[in-house]
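The data block below is my_file-v6.txt; it holds compact mmCIF, C-alpha atoms.
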# COMPACT_ATOMS: atom_id res chain seq x y z
CA MET A 1 -11.56 1.42 17.16
CA ARG A 2 -10.59 0.14 13.78
CA ASN A 3 -12.32 0.81 10.47
CA GLU A 4 -12.17 -1.80 7.75
CA PHE A 5 -12.76 -0.75 4.19
CA ASP A 6 -14.48 -2.96 1.66
CA PHE A 7 -12.51 -2.94 -1.59
CA ALA A 8 -14.96 -5.25 -3.40
CA PRO A 9 -16.49 -2.45 -5.55
CA LEU A 10 -13.01 -1.56 -6.83
CA TYR A 11 -12.43 -5.13 -8.04
CA ARG A 12 -15.25 -4.69 -10.57
CA SER A 13 -13.47 -1.92 -12.48
CA SER A 14 -9.80 -2.64 -11.74
CA ILE A 15 -7.63 -5.26 -13.34
CA GLY A 16 -4.28 -6.33 -11.96
CA PHE A 17 -4.46 -4.31 -8.74
CA ASP A 18 -4.92 -7.34 -6.48
CA ARG A 19 -1.54 -6.77 -4.85
CA VAL A 20 -2.38 -3.15 -4.02
CA PHE A 21 -5.66 -4.12 -2.37
CA ASN A 22 -3.89 -6.86 -0.40
CA LEU A 23 -1.30 -4.33 0.80
CA LEU A 24 -4.06 -1.99 1.96
CA ASN A 25 -5.84 -4.80 3.79
CA ASN A 26 -2.60 -5.90 5.47
CA ALA A 27 -1.80 -2.32 6.52
CA GLN A 28 -5.17 -2.13 8.26
CA ARG A 29 -4.39 -5.27 10.26
CA LEU A 30 -1.08 -4.05 11.67
CA GLN A 31 -1.41 -4.05 15.43
CA ALA A 32 1.65 -2.92 17.35
CA VAL A 33 3.85 -0.49 15.50
CA ASP A 34 7.39 -0.32 16.84
CA ALA A 35 8.69 3.23 16.58
CA TRP A 36 12.35 2.31 16.99
CA PRO A 37 14.59 3.15 15.28
CA PRO A 38 13.08 6.40 14.03
CA TYR A 39 13.18 6.95 10.28
CA ASP A 40 12.23 9.39 7.52
CA ILE A 41 11.17 8.66 3.95
CA VAL A 42 12.07 11.46 1.54
CA LYS A 43 11.09 11.85 -2.11
CA THR A 44 14.24 13.30 -3.69
CA SER A 45 12.97 13.45 -7.29
CA GLU A 46 10.14 12.12 -9.44
CA ASP A 47 11.47 8.53 -9.35
CA ALA A 48 13.94 8.62 -6.44
CA TYR A 49 13.47 8.16 -2.71
CA ARG A 50 15.66 8.07 0.39
CA ILE A 51 15.08 6.26 3.67
CA GLN A 52 17.02 7.76 6.59
CA MET A 53 17.21 5.83 9.87
CA ALA A 54 18.71 7.05 13.13
CA VAL A 55 20.90 4.13 14.23
CA ALA A 56 23.22 5.76 16.75
CA GLY A 57 25.69 3.33 18.24
CA PHE A 58 25.48 0.84 15.36
CA ALA A 59 28.43 0.28 13.05
CA GLY A 60 28.13 -0.74 9.41
CA ALA A 61 28.99 -4.32 10.35
CA ASP A 62 26.04 -4.39 12.79
CA LEU A 63 23.50 -3.53 10.07
CA ASP A 64 22.11 -5.65 7.26
CA ILE A 65 20.04 -4.43 4.30
CA THR A 66 18.24 -7.00 2.14
CA GLN A 67 15.83 -6.53 -0.76
CA GLU A 68 13.56 -9.51 -1.40
CA ARG A 69 11.23 -8.95 -4.32
CA ASN A 70 9.10 -5.97 -3.15
CA VAL A 71 10.23 -5.84 0.47
CA LEU A 72 13.23 -3.99 1.86
CA ILE A 73 14.41 -5.40 5.20
CA VAL A 74 16.78 -3.44 7.43
CA THR A 75 18.07 -5.29 10.48
CA GLY A 76 20.44 -4.29 13.22
CA GLN A 77 22.17 -6.59 15.70
CA LYS A 78 24.73 -4.93 17.91
CA SER A 79 27.61 -7.07 19.06
CA GLU A 80 27.82 -7.40 22.82
CA GLU A 81 30.60 -5.51 24.55
CA LYS A 82 32.33 -7.60 27.17
CA ASP A 83 33.96 -6.31 30.31
CA VAL A 84 31.94 -3.07 30.26
CA ASP A 85 30.38 -1.88 33.50
CA TYR A 86 27.65 0.67 32.68
CA LEU A 87 26.59 3.11 35.37
CA HIS A 88 23.80 4.36 33.08
CA ARG A 89 22.80 3.01 29.69
CA GLY A 90 20.62 5.48 27.77
CA ILE A 91 21.64 4.77 24.16
CA ALA A 92 19.39 2.07 22.77
CA GLY A 93 21.35 -0.80 21.33
CA ARG A 94 18.62 -3.40 21.04
CA ALA A 95 18.23 -5.50 17.92
CA PHE A 96 15.65 -4.36 15.37
CA GLU A 97 14.09 -5.32 12.07
CA ARG A 98 12.30 -2.75 9.93
CA ARG A 99 10.39 -3.76 6.77
CA PHE A 100 9.40 -1.44 3.94
CA GLU A 101 6.99 -2.48 1.18
CA LEU A 102 8.35 -1.37 -2.19
CA ALA A 103 6.39 -0.71 -5.34
CA ASP A 104 7.15 -2.69 -8.47
CA HIS A 105 10.40 -1.71 -10.22
CA VAL A 106 11.88 0.04 -7.15
CA ARG A 107 15.43 -1.00 -6.33
CA VAL A 108 18.12 0.02 -3.87
CA GLU A 109 20.79 2.23 -5.44
CA THR A 110 23.16 2.91 -2.52
CA ALA A 111 23.37 2.77 1.25
CA SER A 112 25.64 4.76 3.56
CA LEU A 113 26.16 5.27 7.28
CA THR A 114 27.30 8.72 8.41
CA ASN A 115 27.21 10.15 11.94
CA GLY A 116 24.71 7.54 13.13
CA LEU A 117 22.33 8.13 10.21
CA LEU A 118 21.74 5.25 7.78
CA SER A 119 20.72 6.53 4.33
CA ILE A 120 19.27 4.15 1.73
CA ASP A 121 18.72 5.58 -1.76
CA LEU A 122 16.02 3.95 -3.87
CA LYS A 123 15.08 4.45 -7.49
CA ARG A 124 12.03 3.46 -9.50
CA GLU A 125 12.96 2.30 -13.00
CA ILE A 126 10.03 1.55 -15.24
CA PRO A 127 10.94 -0.85 -18.06
CA GLU A 128 10.43 0.35 -21.62
CA ALA A 129 7.66 -2.21 -22.11
CA MET A 130 5.72 -0.63 -19.22
CA LYS A 131 5.93 2.99 -20.42
CA PRO A 132 2.95 4.61 -22.17
CA ARG A 133 2.83 3.98 -25.91
CA LYS A 134 0.72 5.15 -28.80
CA ILE A 135 -1.34 2.45 -30.52
CA ALA A 136 -2.16 2.96 -34.21
CA ILE A 137 -5.75 2.27 -35.19
CA GLY A 138 -6.15 0.26 -38.38
CA ASP A 139 -9.16 -0.46 -40.56
CA GLY A 140 -9.25 -4.13 -39.52
CA SER A 141 -8.47 -5.55 -42.98
CA GLN A 142 -4.84 -6.40 -42.25
CA PRO A 143 -3.01 -7.18 -39.01
CA GLN A 144 -0.91 -4.33 -37.64
CA THR A 145 2.76 -4.68 -38.55
CA THR A 146 3.96 -1.22 -37.56
CA GLN A 147 6.13 -0.72 -34.51
CA LEU A 148 4.56 0.90 -31.47
CA GLN A 149 6.05 4.25 -30.50
CA ILE A 150 6.75 5.15 -26.93
CA ASP A 151 5.15 8.49 -26.01
CA ALA A 152 7.99 9.45 -23.67
CA ASP A 153 10.37 9.68 -26.66
CA LYS A 154 8.05 12.08 -28.47
CA GLN A 155 7.42 14.49 -25.58
CA GLN A 156 9.14 17.83 -25.86
CA VAL A 157 10.28 20.00 -22.99
CA ALA A 158 8.24 23.20 -22.99
Transcribe the structure of this file into structure tokens.
Amino acid sequence: MRNEFDFAPLYRSSIGFDRVFNLLNNAQRLQAVDAWPPYDIVKTSEDAYRIQMAVAGFAGADLDITQERNVLIVTGQKSEEKDVDYLHRGIAGRAFERRFELADHVRVETASLTNGLLSIDLKREIPEAMKPRKIAIGDGSQPQTTQLQIDADKQQVA
């Protein structure tokens, strides 16, 4: 049983959130979720994240990480071993593609592969123009010519 939410009431009081509502609608429509390879998403600080994927048996050359706009795509394609006669094959080596939707201004910092664990560090960097700023209120007789101050510069550590 699947519940669909109607986001129409939110459109009346929200401006510029169309992409967020589309992401929520698309997430509801996802049918089959492949659970391989297993992964964790960790928030390491206020604006930093880490994706850790268990990719045992894959080498760095078998993995590809691509960031396209707001999507991070991790793919794995293991090269075939020739002249190997397996008696039992229990380590999964099938190809995979895992997609992660990224928020605006999130970018990949580094990626590393250690002991079969792929770690991808991400950081959110909000441009200065997007940070909160204080707007001076004038009397309306002359256009504002003063510079806008960014609140983050004025905040003091308590």
### Task
Find the spatial neighbours of Ile126 (chain A), counting all atoms listed in the file, within a cut-off of 12 Å - ignore same-chain residues fewer than 2 positions away - and output them as a PyMOL selection string.
chain A and resi 47-48+103-107+123-124+128-132+152
### Task
Determine the nearest neighbour of Glu81 (chain A) from the options A:Leu63, A:Gly93, A:Glu46, A:Val108, counting all atoms listed in the file.
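Of all the options, A:Gly93 lies closest to Glu81 (chain A).
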### One-decimal distance in Å that lies between CA of Gly116 (chain A) and CA of Asp40 (chain A)
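About the pair CA of Asp40 (chain A) and CA of Gly116 (chain A): they are 13.8 Å apart.
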### Summary
With distances taken over only C-alpha atoms, the candidate from A:Glu109, A:Arg94, A:Leu118, A:Thr66 nearest Ile41 (chain A) is A:Leu118
### Task
Find the residue from A:Ile65, A:Ala35, A:Ala56, A:Ala136 that sits nearest to Gly90 (chain A); use all atoms listed in the file when measuring.
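Of A:Ile65, A:Ala35, A:Ala56, A:Ala136, the one nearest Gly90 (chain A), counting all atoms listed in the file, is A:Ala56.
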### Query
Between A:Val55, A:Leu113, A:Asp139, A:Pro38, which is the closest to Ile91 (chain A) once you count all atoms listed in the file?
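So, comparing all the options, the nearest one is A:Val55.
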### Message
Please compute the CA of Phe96 (chain A)-CA of Thr75 (chain A) distance, one decimal, in Å.
### Response
5.5 Å
### Query
Which residue gives the smallest distance to Val74 (chain A) among A:His88, A:Arg133, A:Arg99, A:Lys43, with all atoms listed in the file counted?
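Using all atoms listed in the file, the shortest distance to Val74 (chain A) belongs to A:Arg99.
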